[in-house]
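Enquirer: Input: one structure, supplied below.
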Amino acid sequence: MRAGARPILPQHRLPPETDMNRPIHTLATLRHIETLAGQAGMPLMDRAAGAIADRVEQRIVRGEPILALAGRGNNGGDALLAAARLAARGHRVDAWLPLGEPATDDARRAHAQALAAGVTLVVAPRTAPALALDGLFGIGLRRAPDAAACAAIDWLNGISGHRLALDVPSGLDAWSGQVTGCAVAATETLTFLADKPGLLTHDGPDQAGDVHLATLDIPPAWWPAADGACYQPDDDITHRLARKQNAHKGSFGCVAVLGGATGMTGAALLAARAALRTGAGKVRIGLLEPALAVDPLYPELMLDDAPAPSPTPMSRSWRSAPGSVSRRRPRNCCGTRCSAADRWCSTPTP
Ligand SMILES: NC(=O)C1=CN([C@@H]2O[C@H](COP(=O)(O)OP(=O)(O)OC[C@H]3O[C@@H](n4cnc5c(N)ncnc54)[C@H](O)[C@@H]3O)[C@@H](O)[C@H]2O)[C@@H](O)CC1
Ligand SMILES: [K+]
């Protein structure tokens, strides 16, 4: 890093980069990391291009046609620089810029390198590619794609080949996960630096396909504490929890789940099962309308009636559970409402 260019974000720490717990950062943090990399002379686009080219070579065999679809920003730059790398490795690569010439210095440099490496610029795709790189828009999407962008996106969505989205599928809002207008339906997304919230929520999971992360070797000290994490437990999570052999359910805390108004038992059960699977020792469900004596899949769950309304004293077990509760019915079907005054909380609803 250049002298004087120090990271300014607090609480630096290593982002946990396991498949089970991938950090999620705000787009502002990613932009800040990008700035630090620029100050340090760290070639992030080159690293992204290398990761893209490696990924492409896992998907196709030499000789199959590749198309790089590039927008005007650095997302397009990623596509063009990857195209340059692939052409230099002997692949057959076309590049299509349906929105016009590159508009950033890095993208212009990538464009020049692509041409120098033998990438063919086309005004319309010549043939159906075996793989297309989607580099129209990344985290710089500012508004719904216009007609020209949607036409290119529609074309891309119509090919039978592999659609590899770079950073995020073009048209998807990298923060909200929403699609307004049109978006690439990727078969796979290679995202850079960290997972984007938009890949994980709303339309994101449907649009992104399989998501892979290329961290681009950012120094761990540059990362602030993550704003969230993509938690992906496998079915055997409990065997990964570090526990003494001589432990029992009383050693790992208690979770209380309240819910299960008439016809809504499932939400309470799912929440309670999730608590068990993530390591809670005792999990009690207070059903507003008792419908079950036991959960046959998770018989270790303790099913109960929801406790009586305050000020009636609650049973000892419910008093020891997190928070205190009232038996007042939720005001919507799933009881989304949480209130400090009412002191009950139940499951969220869309
Ligand atoms: N943030 C980082 O650290 C890194 C960023 N990289 C790449 O750079 C991307 C971000 O690049 P940019 O900030 O240049 O942004 P983008 O390339 O995502 O998009 C910006 C361009 O699209 C135009 N645009 C935005 N919305 C539009 C719309 N609805 N219709 C038509 N044009 C529209 C803008 O005018 C601008 O020309 C990332 O997604 C990633 O692919 C990578 O090179 C690696 C590192
Ligand atoms: K993209």
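FYI, nothing fancy with the structure tokens labels: chains A, B, ... in order, residues from 1 per chain, ligands from 1 as they appear.
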Counting only C-alpha atoms, what is within 8 Å of Gln207 of chain A, bar same-chain residues fewer than 4 positions away, as a PyMOL selection string?

Expert: chain A and resi 169+172+183-186+203

Enquirer: Where in segment 108-151 of chain A does DSSP assign helix (DSSP H, G or I), given as an NGL selection string?

Expert: :A and (108-117 or 147-151)

Enquirer: Neighbours of Thr180 of chain A within 8 Å (only C-alpha atoms; same-chain residues fewer than 6 positions away dropped), as a PyMOL selection string?

Expert: chain A and resi 144-145+171-172

Enquirer: Which residue, A:Pro65, A:Gly71, A:Pro219, A:Pro129, has the smallest gap to Arg108 of chain A when you use only C-alpha atoms?

Expert: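 Closest to Arg108 of chain A of all the choices is A:Gly71.
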
Enquirer: Can you work out which residues are within 9 Å of ligand 1, considering only C-alpha atoms and all ligand atoms, and then hand them over as a ChimeraX atom specification?

Expert: /A:27,29-35,37,43-49,70-79,99,102-104,106-107,135-150,166-168,170-171,174,191-193,216

Enquirer: Residues near segment 80-97 of chain A, anyone? I mean within 7 Å using only C-alpha atoms, not counting same-chain ones fewer than 2 positions away, as a PyMOL selection string.

Expert: chain A and resi 49-50+52-53+62-71+76-78+99-101+110-111+113-114+117-125

Enquirer: Can you write out the residues you just picked, keeping C-alpha atoms, as a compact mmCIF listing (two decimals), in the first residue's frame?

Expert:
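That gives us out31.txt:
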# COMPACT_ATOMS: atom_id res chain seq x y z
CA ALA A 49 -10.14 -11.29 -15.20
CA GLY A 50 -7.85 -14.12 -14.19
CA ILE A 52 -13.09 -15.34 -14.79
CA ALA A 53 -10.80 -16.96 -17.34
CA ARG A 62 -10.96 -25.11 -26.36
CA GLY A 63 -12.46 -24.20 -29.70
CA GLU A 64 -15.98 -23.60 -28.46
CA PRO A 65 -17.14 -20.04 -29.11
CA ILE A 66 -17.12 -17.57 -26.23
CA LEU A 67 -18.89 -14.21 -26.23
CA ALA A 68 -18.04 -11.36 -23.88
CA LEU A 69 -21.00 -9.04 -23.47
CA ALA A 70 -19.63 -5.76 -22.14
CA GLY A 71 -21.31 -2.64 -20.83
CA GLY A 76 -17.72 -4.47 -18.94
CA GLY A 77 -14.01 -4.00 -18.28
CA ASP A 78 -13.97 -7.28 -16.37
CA LEU A 99 -24.35 -0.03 -25.15
CA GLY A 100 -21.40 1.74 -26.72
CA GLU A 101 -17.73 2.34 -26.05
CA ALA A 110 -9.31 -3.71 -21.04
CA HIS A 111 -10.87 -2.96 -24.40
CA GLN A 113 -5.98 -5.37 -24.42
CA ALA A 114 -8.83 -7.44 -25.83
CA ALA A 117 -5.04 -10.23 -27.90
CA GLY A 118 -7.13 -11.04 -30.97
CA VAL A 119 -10.67 -10.74 -29.58
CA THR A 120 -13.11 -9.99 -32.41
CA LEU A 121 -15.47 -7.07 -31.84
CA VAL A 122 -18.91 -7.81 -33.27
CA VAL A 123 -21.90 -5.53 -33.74
CA ALA A 124 -24.23 -8.46 -33.15
CA PRO A 125 -23.48 -12.01 -32.04

Enquirer: Could you check the closest approach to ligand 2 for each of A:Asp227, A:Asp295, A:Asp105, A:Asp173 and tell me which residue wins, using only C-alpha atoms and all ligand atoms?

Expert: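 The shortest atom-to-atom distance to ligand 2 comes from A:Asp173.
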
Enquirer: Hey, which of A:Ala229, A:Leu36, A:Cys182, A:Leu164 ends up closest to His212 of chain A? Count only C-alpha atoms.

Expert: A:Leu164
